[in-house]
>>> print(open('upload-v9.txt').read())   # compact mmCIF, C-alpha atoms
# COMPACT_ATOMS: atom_id res chain seq x y z
CA MET A 1 185.70 78.47 71.02
CA SER A 2 182.73 80.00 72.78
CA GLU A 3 182.04 83.69 72.78
CA ARG A 4 180.38 85.94 75.28
CA GLN A 5 178.42 89.12 74.80
CA ILE A 6 179.87 92.29 76.24
CA ARG A 7 178.56 95.82 76.46
CA LEU A 8 181.00 98.73 76.61
CA MET A 9 181.29 102.38 75.67
CA VAL A 10 183.76 103.15 72.90
CA ASN A 11 184.30 106.80 72.05
CA GLY A 12 180.95 107.67 73.56
CA ASN A 13 179.03 104.99 71.65
CA GLU A 14 177.56 101.92 73.25
CA GLU A 15 178.91 98.79 71.59
CA ILE A 16 177.39 95.36 72.09
CA LEU A 17 179.68 92.67 70.78
CA SER A 18 180.22 88.95 70.90
CA VAL A 19 183.85 88.18 71.72
CA PRO A 20 186.00 85.18 72.69
CA ASP A 21 187.44 85.39 76.22
CA HIS A 22 191.03 85.56 75.02
CA LEU A 23 190.58 88.57 72.71
CA SER A 24 192.58 91.62 73.81
CA LEU A 25 191.05 95.11 73.86
CA LEU A 26 193.63 96.07 71.23
CA ARG A 27 192.40 93.40 68.82
CA LEU A 28 188.77 94.24 69.61
CA LEU A 29 189.37 97.89 68.65
CA ARG A 30 191.35 97.17 65.51
CA ASP A 31 189.81 93.98 64.17
CA LYS A 32 186.18 94.19 65.31
CA LEU A 33 185.58 97.94 65.40
CA ALA A 34 187.99 99.02 62.65
CA LEU A 35 189.47 101.66 64.96
CA THR A 36 192.96 101.31 63.57
CA GLY A 37 194.35 104.53 65.03
CA THR A 38 195.48 102.39 67.97
CA LYS A 39 198.58 100.48 66.89
CA ASN A 40 200.06 97.07 67.66
CA GLY A 41 203.78 97.63 68.24
CA CYS A 42 204.88 94.86 70.56
CA GLU A 43 201.77 93.29 72.12
CA ALA A 44 203.85 93.08 75.30
CA GLY A 45 203.02 96.26 77.19
CA GLU A 46 206.40 97.83 76.43
CA CYS A 47 206.05 100.21 73.48
CA GLY A 48 202.82 102.06 74.26
CA ALA A 49 201.65 102.22 70.64
CA CYS A 50 198.43 100.57 71.79
CA THR A 51 197.68 103.15 74.49
CA VAL A 52 194.01 104.04 74.95
CA LEU A 53 192.03 105.52 77.84
CA LEU A 54 190.11 103.03 79.99
CA ASP A 55 187.75 104.93 82.28
CA GLY A 56 189.91 107.98 81.61
CA GLU A 57 193.24 106.34 82.47
CA PRO A 58 195.92 105.41 79.91
CA VAL A 59 196.41 101.67 79.59
CA ASN A 60 198.21 99.35 77.20
CA SER A 61 195.23 97.88 75.38
CA CYS A 62 197.31 94.82 74.45
CA LEU A 63 197.30 93.93 78.15
CA VAL A 64 193.55 94.32 78.69
CA LEU A 65 191.02 91.68 77.70
CA ALA A 66 187.91 92.77 75.83
CA VAL A 67 185.80 90.89 78.38
CA GLU A 68 187.38 92.95 81.17
CA CYS A 69 185.87 96.06 79.58
CA GLU A 70 182.25 95.00 80.17
CA GLY A 71 180.54 98.07 81.57
CA HIS A 72 183.59 100.29 81.14
CA ARG A 73 184.48 103.25 78.95
CA VAL A 74 187.19 103.21 76.29
CA ASP A 75 188.43 106.28 74.42
CA THR A 76 190.73 105.95 71.42
CA ILE A 77 192.56 108.58 69.40
CA GLU A 78 189.65 108.70 66.95
CA GLY A 79 187.23 109.66 69.71
CA LEU A 80 189.43 112.23 71.43
CA SER A 81 190.41 114.34 68.46
CA ALA A 82 187.56 116.79 69.03
CA GLU A 83 188.70 117.59 72.58
CA PRO A 84 190.32 121.07 72.88
CA VAL A 85 193.36 119.83 74.83
CA MET A 86 193.91 117.06 72.29
CA GLN A 87 193.56 119.47 69.37
CA ARG A 88 196.15 121.76 70.94
CA LEU A 89 198.51 118.81 71.38
CA GLN A 90 197.98 117.58 67.84
CA GLN A 91 198.68 121.05 66.43
CA GLU A 92 201.87 121.35 68.48
CA PHE A 93 203.01 117.92 67.27
CA ILE A 94 202.52 119.11 63.69
CA ASP A 95 204.11 122.53 64.26
CA MET A 96 207.12 121.05 66.10
CA ASN A 97 207.70 118.25 63.54
CA ALA A 98 207.17 115.74 66.33
CA ILE A 99 205.89 113.16 63.83
CA GLN A 100 207.96 111.10 61.39
CA CYS A 101 206.49 107.70 60.61
CA GLY A 102 203.57 108.44 62.92
CA PHE A 103 203.33 104.97 64.41
CA CYS A 104 203.97 106.03 68.00
CA THR A 105 201.94 109.22 67.63
CA PRO A 106 198.45 108.11 68.67
CA GLY A 107 199.84 106.49 71.82
CA MET A 108 202.04 109.52 72.57
CA LEU A 109 199.06 111.84 72.19
CA ILE A 110 196.85 109.77 74.47
CA SER A 111 199.53 109.64 77.20
CA ALA A 112 200.22 113.38 76.81
CA TYR A 113 196.52 114.20 76.79
CA ALA A 114 195.90 112.29 80.01
CA LEU A 115 198.95 113.99 81.55
CA LEU A 116 197.72 117.49 80.74
CA LEU A 117 194.29 116.70 82.15
CA ARG A 118 195.75 115.67 85.50
CA ASN A 119 198.70 118.10 85.46
CA PRO A 120 197.96 121.06 83.15
CA HIS A 121 201.30 122.75 83.81
CA ALA A 122 203.44 119.62 83.59
CA ASP A 123 207.16 120.37 83.56
CA ASP A 124 209.95 118.63 81.68
CA HIS A 125 210.39 115.87 84.27
CA ALA A 126 206.67 115.17 84.57
CA ILE A 127 206.33 114.98 80.78
CA ARG A 128 209.25 112.57 80.41
CA GLU A 129 207.90 110.41 83.23
CA ALA A 130 204.41 110.36 81.69
CA LEU A 131 205.72 109.42 78.24
CA LEU A 132 208.13 106.80 79.53
CA GLY A 133 205.78 104.01 78.40
CA ASN A 134 205.66 105.31 74.82
CA LEU A 135 208.62 104.42 72.63
CA CYS A 136 209.58 106.21 69.43
CA ARG A 137 212.14 104.88 66.96
CA CYS A 138 212.22 107.92 64.68
CA THR A 139 212.33 111.26 66.40
CA GLY A 140 214.67 110.90 69.36
CA TYR A 141 211.85 112.23 71.56
CA GLU A 142 213.02 115.84 71.93
CA ARG A 143 210.47 117.35 69.53
CA ILE A 144 207.72 115.29 71.15
CA ILE A 145 208.69 116.58 74.61
CA THR A 146 208.86 120.15 73.30
CA ALA A 147 205.45 119.80 71.65
CA VAL A 148 203.87 118.64 74.91
CA LYS A 149 205.68 121.33 76.87
CA THR A 150 204.46 124.01 74.51
CA ALA A 151 200.90 122.69 74.64
CA ALA A 152 201.13 122.72 78.45
CA GLY A 153 202.41 126.28 78.38
CA LYS A 154 199.46 127.46 76.31
CA ASP A 155 197.19 126.90 79.29
CA ARG A 156 198.82 129.73 81.17
CA MET B 1 211.07 89.38 72.27
CA LEU B 2 209.42 88.83 68.88
CA GLN B 3 205.77 87.96 69.10
CA PRO B 4 205.73 84.26 68.26
CA TYR B 5 201.95 83.87 68.05
CA PRO B 6 199.14 86.28 67.23
CA GLY B 7 197.22 87.21 70.36
CA TYR B 8 196.58 85.05 73.39
CA PRO B 9 195.86 81.31 73.54
CA GLU B 10 192.33 80.21 74.34
CA PHE B 11 191.16 80.16 77.94
CA GLU B 12 187.93 80.60 79.85
CA TYR B 13 187.51 83.85 81.76
CA VAL B 14 186.08 83.48 85.26
CA LYS B 15 185.12 86.36 87.53
CA PRO B 16 184.59 85.29 91.16
CA LEU B 17 182.74 87.76 93.35
CA SER B 18 184.28 86.69 96.67
CA ILE B 19 187.52 85.27 97.99
CA GLU B 20 185.67 82.10 99.01
CA GLU B 21 184.39 81.65 95.48
CA ALA B 22 187.87 82.23 94.04
CA VAL B 23 189.58 79.83 96.41
CA GLY B 24 186.82 77.25 95.93
CA PHE B 25 187.26 77.43 92.17
CA LEU B 26 191.03 77.00 92.45
CA LYS B 27 190.50 73.97 94.68
CA ASP B 28 187.97 72.43 92.30
CA HIS B 29 190.14 72.93 89.23
CA PRO B 30 193.68 72.12 90.36
CA GLY B 31 196.44 72.66 87.85
CA GLN B 32 194.07 74.35 85.42
CA SER B 33 193.52 77.82 86.85
CA ARG B 34 195.48 81.01 87.09
CA PRO B 35 194.34 83.89 89.31
CA TYR B 36 195.28 87.42 88.22
CA ALA B 37 194.46 91.05 88.88
CA GLY B 38 196.32 93.50 86.61
CA GLY B 39 197.40 90.85 84.16
CA THR B 40 200.56 92.66 83.10
CA ASP B 41 202.82 89.73 84.00
CA CYS B 42 200.26 86.95 83.62
CA PHE B 43 199.32 87.89 80.04
CA MET B 44 202.97 87.90 79.02
CA LEU B 45 203.34 84.32 80.24
CA LEU B 46 200.23 83.44 78.24
CA ARG B 47 201.44 85.26 75.15
CA ASP B 48 204.75 83.39 75.22
CA ARG B 49 202.93 80.11 75.86
CA ARG B 50 204.85 79.59 79.09
CA ILE B 51 201.65 78.81 80.97
CA HIS B 52 198.54 77.08 79.63
CA PRO B 53 195.70 77.58 82.10
CA LYS B 54 192.24 76.48 81.10
CA TYR B 55 190.74 79.14 83.37
CA LEU B 56 191.84 82.68 84.10
CA LEU B 57 190.44 84.04 87.36
CA ASP B 58 189.97 87.80 87.39
CA LEU B 59 190.19 88.87 91.04
CA LYS B 60 189.15 92.48 90.39
CA ALA B 61 185.45 91.90 91.10
CA ILE B 62 186.16 90.73 94.67
CA SER B 63 185.15 93.62 96.89
CA GLY B 64 187.69 94.93 99.34
CA LEU B 65 190.77 93.83 97.40
CA ASP B 66 191.15 97.31 95.90
CA GLN B 67 191.51 99.00 99.28
CA ILE B 68 194.51 100.69 100.88
CA ASN B 69 194.10 101.09 104.64
CA PHE B 70 196.43 102.96 106.94
CA GLY B 71 196.31 103.18 110.73
CA ASN B 72 198.78 104.73 113.14
CA GLU B 73 198.93 101.47 115.08
CA ASN B 74 198.83 98.73 112.48
CA GLY B 75 200.49 100.44 109.56
CA LEU B 76 199.52 99.97 105.93
CA SER B 77 197.43 97.23 104.34
CA VAL B 78 197.41 97.00 100.54
CA GLY B 79 194.74 94.85 98.89
CA ALA B 80 195.58 92.40 96.11
CA SER B 81 194.06 94.43 93.29
CA VAL B 82 195.47 97.82 94.31
CA THR B 83 197.28 99.20 91.27
CA LEU B 84 200.72 100.79 91.31
CA ASN B 85 199.24 104.13 90.19
CA GLN B 86 196.85 104.01 93.14
CA LEU B 87 199.91 103.58 95.35
CA CYS B 88 201.71 106.46 93.60
CA ARG B 89 198.80 108.65 94.66
CA CYS B 90 198.66 107.32 98.23
CA GLN B 91 199.62 109.99 100.75
CA ALA B 92 200.19 107.51 103.59
CA LEU B 93 202.65 105.53 101.46
CA ALA B 94 204.64 108.62 100.51
CA GLU B 95 204.74 109.82 104.09
CA HIS B 96 205.46 106.61 106.00
CA TYR B 97 207.05 104.28 103.42
CA PRO B 98 208.98 106.60 101.08
CA VAL B 99 211.33 103.84 99.91
CA LEU B 100 208.42 101.74 98.65
CA ALA B 101 206.82 104.86 97.15
CA ALA B 102 210.04 105.43 95.19
CA ALA B 103 210.28 101.80 94.09
CA VAL B 104 206.64 101.71 92.90
CA ARG B 105 207.31 104.63 90.54
CA GLU B 106 210.16 102.68 88.92
CA VAL B 107 207.93 99.94 87.56
CA GLY B 108 207.29 100.26 83.81
CA GLY B 109 205.46 103.33 82.62
CA TYR B 110 202.23 105.11 83.53
CA GLN B 111 200.05 102.87 81.35
CA LEU B 112 201.49 99.76 82.93
CA ARG B 113 201.00 101.07 86.44
CA SER B 114 197.32 101.76 85.67
CA ARG B 115 196.81 97.99 85.65
CA ALA B 116 199.78 96.37 87.38
CA THR B 117 199.35 95.62 91.08
CA LEU B 118 201.83 95.55 93.96
CA ILE B 119 200.78 92.06 95.01
CA GLY B 120 201.14 90.93 91.39
CA ASN B 121 204.67 92.32 91.24
CA LEU B 122 205.50 90.33 94.38
CA CYS B 123 203.76 87.10 93.28
CA ASN B 124 205.52 87.26 89.91
CA ALA B 125 208.69 86.79 91.99
CA SER B 126 211.05 88.19 89.41
CA PRO B 127 214.63 88.38 90.69
CA CYS B 128 214.59 92.01 89.49
CA GLY B 129 211.15 93.05 90.73
CA ASP B 130 211.40 96.69 91.73
CA THR B 131 209.06 96.59 94.70
CA ILE B 132 210.34 93.45 96.39
CA GLY B 133 213.36 94.97 98.15
CA ALA B 134 211.32 97.81 99.65
CA CYS B 135 208.61 95.45 100.90
CA LEU B 136 211.31 93.27 102.45
CA VAL B 137 213.12 96.06 104.29
CA TYR B 138 209.81 97.33 105.68
CA GLY B 139 209.11 93.84 107.09
CA ALA B 140 206.06 93.07 104.95
CA LEU B 141 203.59 90.28 105.74
CA MET B 142 201.64 88.45 103.05
CA GLN B 143 198.04 87.63 103.98
CA ILE B 144 197.20 84.42 102.16
CA VAL B 145 193.83 82.70 101.80
CA GLY B 146 193.39 79.10 100.71
CA SER B 147 190.83 76.34 100.94
CA SER B 148 192.32 75.24 104.27
CA GLY B 149 192.07 78.74 105.73
CA LYS B 150 194.15 81.86 106.14
CA ARG B 151 197.82 82.27 106.91
CA SER B 152 200.18 85.19 107.43
CA LEU B 153 203.65 84.82 106.05
CA ALA B 154 206.66 87.10 106.37
CA LEU B 155 207.68 88.18 102.87
CA ASP B 156 211.22 86.92 103.66
CA CYS B 157 209.84 83.39 103.43
CA PHE B 158 207.68 83.90 100.36
CA PHE B 159 210.14 83.50 97.49
CA LEU B 160 211.63 80.19 96.33
CA GLY B 161 213.34 81.17 93.10
CA PRO B 162 212.80 83.05 89.83
CA GLY B 163 209.04 83.08 89.29
CA LYS B 164 208.45 80.70 92.18
CA THR B 165 206.71 81.37 95.48
CA VAL B 166 205.37 79.21 98.31
CA LEU B 167 201.77 79.83 97.24
CA ARG B 168 199.83 76.61 96.93
CA GLU B 169 197.55 75.93 93.99
CA ASP B 170 194.41 76.87 95.86
CA GLU B 171 195.79 80.01 97.51
CA ILE B 172 195.63 83.69 96.67
CA VAL B 173 197.22 86.64 98.41
CA SER B 174 194.46 88.88 99.74
CA SER B 175 196.66 91.71 101.00
CA LEU B 176 200.13 92.85 101.98
CA ASP B 177 200.59 94.33 105.44
CA LEU B 178 203.37 96.75 106.24
CA PRO B 179 203.96 97.42 109.94
CA LEU B 180 204.60 100.99 110.98
CA PRO B 181 208.31 101.66 110.31
CA PRO B 182 210.52 102.34 113.36
CA ALA B 183 210.62 105.99 114.33
CA GLY B 184 213.56 107.89 112.90
CA CYS B 185 214.26 105.47 110.08
CA ALA B 186 215.67 106.50 106.73
CA GLY B 187 216.11 104.54 103.54
CA ALA B 188 216.76 104.62 99.84
CA TYR B 189 216.17 102.62 96.67
CA LYS B 190 219.02 102.85 94.19
CA SER B 191 218.69 101.03 90.90
CA ILE B 192 220.51 101.07 87.61
CA GLY B 193 219.11 100.11 84.22
CA ARG B 194 220.16 100.48 80.61
CA ASN B 195 218.56 103.91 80.46
CA LYS B 196 217.75 106.58 83.01
CA LEU B 197 214.03 105.96 83.29
CA GLY B 198 211.86 102.92 82.96
CA ASP B 199 214.09 99.96 82.24
CA LEU B 200 214.20 96.76 84.27
CA ALA B 201 216.79 96.83 87.05
CA ILE B 202 220.22 95.49 86.07
CA ALA B 203 221.08 95.78 89.74
CA ALA B 204 219.37 97.52 92.63
CA VAL B 205 219.88 98.06 96.34
CA THR B 206 217.19 98.89 98.89
CA ALA B 207 218.49 100.02 102.25
CA LEU B 208 216.79 101.05 105.48
CA GLY B 209 218.52 102.29 108.64
CA TYR B 210 216.69 102.79 111.92
CA PRO B 211 217.47 103.53 115.58
CA ASP B 212 217.84 100.28 117.55
CA ALA B 213 218.88 100.37 121.20
CA ALA B 214 219.79 96.67 121.05
CA SER B 215 222.41 97.31 118.41
CA PRO B 216 226.07 98.15 119.33
CA SER B 217 226.04 101.28 117.20
CA GLY B 218 222.49 102.26 118.17
CA PHE B 219 221.34 101.62 114.61
CA SER B 220 220.26 98.55 112.67
CA PHE B 221 220.12 98.15 108.93
CA ARG B 222 218.31 96.11 106.30
CA ILE B 223 219.91 95.93 102.89
CA ALA B 224 218.16 94.05 100.09
CA LEU B 225 219.89 93.26 96.80
CA THR B 226 217.83 92.98 93.61
CA ALA B 227 218.60 91.38 90.22
CA VAL B 228 221.78 89.73 91.46
CA ALA B 229 220.52 86.38 92.78
CA PRO B 230 217.67 83.92 92.06
CA THR B 231 215.57 85.92 94.51
CA VAL B 232 215.99 89.30 96.17
CA ILE B 233 218.42 88.64 99.04
CA PHE B 234 219.57 90.37 102.18
CA ALA B 235 223.22 91.41 102.53
CA GLY B 236 223.42 89.96 106.04
CA HIS B 237 227.10 90.50 106.71
CA ALA B 238 226.97 94.07 105.40
CA GLN B 239 224.06 94.69 107.77
CA GLU B 240 226.10 93.33 110.68
CA ILE B 241 229.09 95.52 109.90
CA LEU B 242 226.92 98.62 109.98
CA ALA B 243 225.01 97.59 113.10
CA GLU B 244 228.36 97.07 114.82
CA LYS B 245 230.22 100.17 113.66
CA GLY B 246 227.48 102.60 112.61
CA LEU B 247 227.74 104.76 109.51
CA THR B 248 231.41 105.65 109.11
CA VAL B 249 233.45 106.07 105.95
CA GLU B 250 235.19 102.77 106.65
CA SER B 251 232.08 100.77 107.55
CA ILE B 252 230.21 102.08 104.49
CA GLU B 253 233.06 100.94 102.24
CA ASN B 254 233.22 97.57 103.96
CA ALA B 255 229.46 97.11 103.79
CA ALA B 256 229.45 98.02 100.08
CA ALA B 257 232.26 95.55 99.41
CA GLU B 258 230.46 92.83 101.38
CA ALA B 259 227.25 93.40 99.43
CA GLY B 260 229.25 92.99 96.23
CA ARG B 261 230.73 89.75 97.56
CA VAL B 262 227.48 88.11 98.70
CA CYS B 263 225.50 88.58 95.53
CA GLN B 264 225.34 85.85 92.87
CA PRO B 265 224.72 87.70 89.58
CA ILE B 266 224.52 86.12 86.16
CA ASP B 267 225.40 87.25 82.65
CA ASP B 268 222.28 87.96 80.67
CA ILE B 269 221.01 90.05 77.79
CA ARG B 270 221.00 93.21 79.92
CA ALA B 271 224.36 93.08 81.69
CA SER B 272 227.31 90.94 82.68
CA ALA B 273 227.69 89.36 86.11
CA ALA B 274 230.89 91.34 86.69
CA TYR B 275 229.14 94.64 85.97
CA ARG B 276 226.26 93.77 88.26
CA ARG B 277 228.60 92.82 91.07
CA ALA B 278 230.50 96.09 90.68
CA MET B 279 227.26 98.08 90.60
CA VAL B 280 225.90 96.45 93.75
CA ALA B 281 228.86 97.88 95.67
CA VAL B 282 228.36 101.32 94.12
CA LEU B 283 224.60 101.34 94.73
CA THR B 284 225.03 100.13 98.32
CA ARG B 285 227.42 102.98 98.96
CA ARG B 286 225.01 105.48 97.39
CA ALA B 287 222.07 104.16 99.38
CA LEU B 288 224.03 104.35 102.64
CA LEU B 289 225.24 107.87 101.89
CA SER B 290 221.64 108.87 101.22
CA ILE B 291 220.71 107.48 104.64
CA CYS B 292 223.56 109.50 106.19
CA ASP B 293 222.17 112.58 104.49
CA GLN B 294 218.65 112.01 105.75
CA LEU B 295 219.79 111.29 109.31
CA HIS B 296 222.23 114.24 109.25
CA ILE B 297 225.15 111.94 109.93
CA SER B 298 228.61 112.88 108.73
CA PRO B 299 230.33 109.53 108.06
>>> encode(input="upload-v9.txt", output="structure tokens")
Amino acid sequence: MSERQIRLMVNGNEEILSVPDHLSLLRLLRDKLALTGTKNGCEAGECGACTVLLDGEPVNSCLVLAVECEGHRVDTIEGLSAEPVMQRLQQEFIDMNAIQCGFCTPGMLISAYALLLRNPHADDHAIREALLGNLCRCTGYERIITAVKTAAGKDR
Amino acid sequence: MLQPYPGYPEFEYVKPLSIEEAVGFLKDHPGQSRPYAGGTDCFMLLRDRRIHPKYLLDLKAISGLDQINFGNENGLSVGASVTLNQLCRCQALAEHYPVLAAAVREVGGYQLRSRATLIGNLCNASPCGDTIGACLVYGALMQIVGSSGKRSLALDCFFLGPGKTVLREDEIVSSLDLPLPPAGCAGAYKSIGRNKLGDLAIAAVTALGYPDAASPSGFSFRIALTAVAPTVIFAGHAQEILAEKGLTVESIENAAAEAGRVCQPIDDIRASAAYRRAMVAVLTRRALLSICDQLHISP
């Protein structure tokens, strides 16, 4: 199995790595870079636990190859936690008890963060549509939606 | 479905820089290569070991394939690597092809649509592909490039069965062309899934009605039925009823009943055939009533 060298930005740092062609971005982040905040829930692009930002856009990292990221920018939950909008979201999630097991949480936060950047005053429908690709088995979603709504409201 | 294997099987990643290079590669490595753009369907086939290509061809580096072009004469052209989110943001699509704009939003979630492409959704040829019905009712043309040259194919002739299209081994779709819709047309996409947002279609109906002087009622209709046959199919007889009689209470009921009769649904993990058949009639009625609403017709 041959490997190829790729160069990409991860959380603002340039990473130069040797990877096999068939390695997913998800496995690159978790297994090669020890960035385990991004979770493997289904590896099928359905649950959203693996959501990261690729060039600023949320993607399922299980459906992106590491080699496709050559020259691109990846941001994970670890790298975004210092951003003001993300901090506001994280605090609301805590205050609203929007976290139980926490497995869906990084993905939820990334999707919500990207939503608030493109639509700072997102309403209920926009929030639900944006979080559609993030499944949660614990909370029943309502507290998550409320947390995002409240964080959106704080921009006013 | 439970993940049977960790990660993807081995393959070699190839990144052609031009259509000629891509097509040439496919020709030189028959039976061993798989072209892809977004990868959201392709990688699932790999994951489940349903395909075993030696080479994966990433089409995203080919310039021009990520373009959406609209002209008031020729209509809309969507390149092969245009993502569904790009289409969600496309003003021309929302304005001139609202039924396709609605269908595009139904596919997966935001993260999926960041990568998934319209052409990929069509080439995957799922019987329940959300965008297929809308592309069919708008009279889409596939622009195909192969080692023996280019060909244009009406989308009606593109699908052979679940997951099967007429594409030859050395061919890729370079773009989808949508002619300008007839003036005064109105349409709707009505789908039903296991939940309100985001699930695969259990049954769906795409309908378009447009003024047509050649038609007895002055209107013609295209009604495409999704997830209830091996491919997306037209409800031909229902279309004829409406072209003949126009949009009346009686003709809408008859058309809905006909659509229910012509479909060939199956029982599967998501729904029973009987439920699907019943829903096709309901969704056809809803789509036609929406058209009435938009055209200010009181049936």
>>> interface_residues(input="upload-v9.txt", of="chain A", to="chain B", cutoff="10 Å", atoms="only C-alpha atoms", output="PyMOL selection string")
chain A and resi 1-4+20-24+26-27+41-48+50-54+57-65+67-68+111+115+128-134
>>> atom_distance(input="upload-v9.txt", atom1="CA of Ala183 (chain B)", atom2="CA of His96 (chain B)")
9.8 Å
>>> atom_distance(input="upload-v9.txt", atom1="CA of Gly209 (chain B)", atom2="CA of Asp293 (chain B)")
11.7 Å
>>> closest_residue(input="upload-v9.txt", among="B:Ile202, B:Ser148, B:Ala287, B:Ala257", to="Ile269 (chain B)", atoms="all atoms listed in the file")
B:Ile202
>>> residues_near_point(input="upload-v9.txt", point="(185.3, 88.0, 97.2)", cutoff="10 Å", atoms="only C-alpha atoms", output="list of chain:residue names")
B:Lys15, B:Pro16, B:Leu17, B:Ser18, B:Ile19, B:Glu20, B:Glu21, B:Ala22, B:Val23, B:Leu59, B:Lys60, B:Ala61, B:Ile62, B:Ser63, B:Gly64, B:Leu65, B:Ser174
>>> residues_around(input="upload-v9.txt", residues="region 71-78 of chain A", least_positions_apart="3", cutoff="9 Å", atoms="only C-alpha atoms", output="number ranges by chain")
A: 6-12, 29, 35-38, 51-56, 68, 81-82, 106-107, 109-110
>>> atom_distance(input="upload-v9.txt", atom1="CA of Glu250 (chain B)", atom2="CA of Arg285 (chain B)")
10.9 Å
>>> residues_around(input="upload-v9.txt", residues="region 222-228 of chain B", least_positions_apart="3", cutoff="10 Å", atoms="all atoms listed in the file", output="tab-separated table (two decimals) with C-alpha atoms, in the coordinates of the input")
chain	number	residue	atom	x	y	z
B	126	SER	CA	211.05	88.19	89.41
B	127	PRO	CA	214.63	88.38	90.69
B	128	CYS	CA	214.59	92.01	89.49
B	129	GLY	CA	211.15	93.05	90.73
B	130	ASP	CA	211.40	96.69	91.73
B	131	THR	CA	209.06	96.59	94.70
B	132	ILE	CA	210.34	93.45	96.39
B	133	GLY	CA	213.36	94.97	98.15
B	134	ALA	CA	211.32	97.81	99.65
B	135	CYS	CA	208.61	95.45	100.90
B	136	LEU	CA	211.31	93.27	102.45
B	137	VAL	CA	213.12	96.06	104.29
B	138	TYR	CA	209.81	97.33	105.68
B	139	GLY	CA	209.11	93.84	107.09
B	187	GLY	CA	216.11	104.54	103.54
B	188	ALA	CA	216.76	104.62	99.84
B	189	TYR	CA	216.17	102.62	96.67
B	190	LYS	CA	219.02	102.85	94.19
B	191	SER	CA	218.69	101.03	90.90
B	200	LEU	CA	214.20	96.76	84.27
B	201	ALA	CA	216.79	96.83	87.05
B	202	ILE	CA	220.22	95.49	86.07
B	203	ALA	CA	221.08	95.78	89.74
B	204	ALA	CA	219.37	97.52	92.63
B	205	VAL	CA	219.88	98.06	96.34
B	206	THR	CA	217.19	98.89	98.89
B	207	ALA	CA	218.49	100.02	102.25
B	208	LEU	CA	216.79	101.05	105.48
B	209	GLY	CA	218.52	102.29	108.64
B	210	TYR	CA	216.69	102.79	111.92
B	231	THR	CA	215.57	85.92	94.51
B	232	VAL	CA	215.99	89.30	96.17
B	233	ILE	CA	218.42	88.64	99.04
B	234	PHE	CA	219.57	90.37	102.18
B	235	ALA	CA	223.22	91.41	102.53
B	236	GLY	CA	223.42	89.96	106.04
B	237	HIS	CA	227.10	90.50	106.71
B	238	ALA	CA	226.97	94.07	105.40
B	239	GLN	CA	224.06	94.69	107.77
B	240	GLU	CA	226.10	93.33	110.68
B	242	LEU	CA	226.92	98.62	109.98
B	243	ALA	CA	225.01	97.59	113.10
B	255	ALA	CA	229.46	97.11	103.79
B	259	ALA	CA	227.25	93.40	99.43
B	260	GLY	CA	229.25	92.99	96.23
B	262	VAL	CA	227.48	88.11	98.70
B	263	CYS	CA	225.50	88.58	95.53
B	264	GLN	CA	225.34	85.85	92.87
B	265	PRO	CA	224.72	87.70	89.58
B	266	ILE	CA	224.52	86.12	86.16
B	267	ASP	CA	225.40	87.25	82.65
B	273	ALA	CA	227.69	89.36	86.11
B	276	ARG	CA	226.26	93.77	88.26
B	277	ARG	CA	228.60	92.82	91.07
B	280	VAL	CA	225.90	96.45	93.75
B	283	LEU	CA	224.60	101.34	94.73
B	284	THR	CA	225.03	100.13	98.32
B	287	ALA	CA	222.07	104.16	99.38
B	288	LEU	CA	224.03	104.35	102.64
>>> residues_near_point(input="upload-v9.txt", point="(202.9, 111.4, 69.1)", cutoff="12 Å", atoms="only C-alpha atoms", output="PyMOL selection string")
chain A and resi 37-39+48-49+51+77+86+89-94+96-113+131+134-148
>>> decode(input="upload-v9.txt", residues="region 257-265 of chain B", atoms="N, CA and C atoms", output="PDB file, in the first residue's frame")
ATOM      1  N   ALA B 257     -55.650   9.006  -8.981  1.00  0.00           N
ATOM      2  CA  ALA B 257     -55.933   7.569  -8.951  1.00  0.00           C
ATOM      3  C   ALA B 257     -55.094   6.835 -10.002  1.00  0.00           C
ATOM      4  N   GLU B 258     -54.978   7.433 -11.183  1.00  0.00           N
ATOM      5  CA  GLU B 258     -54.176   6.827 -12.249  1.00  0.00           C
ATOM      6  C   GLU B 258     -52.708   6.714 -11.851  1.00  0.00           C
ATOM      7  N   ALA B 259     -52.197   7.763 -11.229  1.00  0.00           N
ATOM      8  CA  ALA B 259     -50.798   7.743 -10.777  1.00  0.00           C
ATOM      9  C   ALA B 259     -50.602   6.603  -9.780  1.00  0.00           C
ATOM     10  N   GLY B 260     -51.566   6.426  -8.894  1.00  0.00           N
ATOM     11  CA  GLY B 260     -51.494   5.325  -7.942  1.00  0.00           C
ATOM     12  C   GLY B 260     -51.500   3.978  -8.645  1.00  0.00           C
ATOM     13  N   ARG B 261     -52.253   3.894  -9.733  1.00  0.00           N
ATOM     14  CA  ARG B 261     -52.373   2.614 -10.458  1.00  0.00           C
ATOM     15  C   ARG B 261     -51.098   2.276 -11.220  1.00  0.00           C
ATOM     16  N   VAL B 262     -50.448   3.277 -11.811  1.00  0.00           N
ATOM     17  CA  VAL B 262     -49.334   2.995 -12.726  1.00  0.00           C
ATOM     18  C   VAL B 262     -48.023   2.680 -11.998  1.00  0.00           C
ATOM     19  N   CYS B 263     -47.946   3.066 -10.727  1.00  0.00           N
ATOM     20  CA  CYS B 263     -46.662   2.856 -10.068  1.00  0.00           C
ATOM     21  C   CYS B 263     -46.486   1.389  -9.672  1.00  0.00           C
ATOM     22  N   GLN B 264     -45.242   0.983  -9.490  1.00  0.00           N
ATOM     23  CA  GLN B 264     -44.938  -0.423  -9.164  1.00  0.00           C
ATOM     24  C   GLN B 264     -44.084  -0.466  -7.901  1.00  0.00           C
ATOM     25  N   PRO B 265     -44.659  -0.079  -6.751  1.00  0.00           N
ATOM     26  CA  PRO B 265     -43.841   0.007  -5.529  1.00  0.00           C
ATOM     27  C   PRO B 265     -43.514  -1.364  -4.961  1.00  0.00           C
TER      28      PRO B 265
END
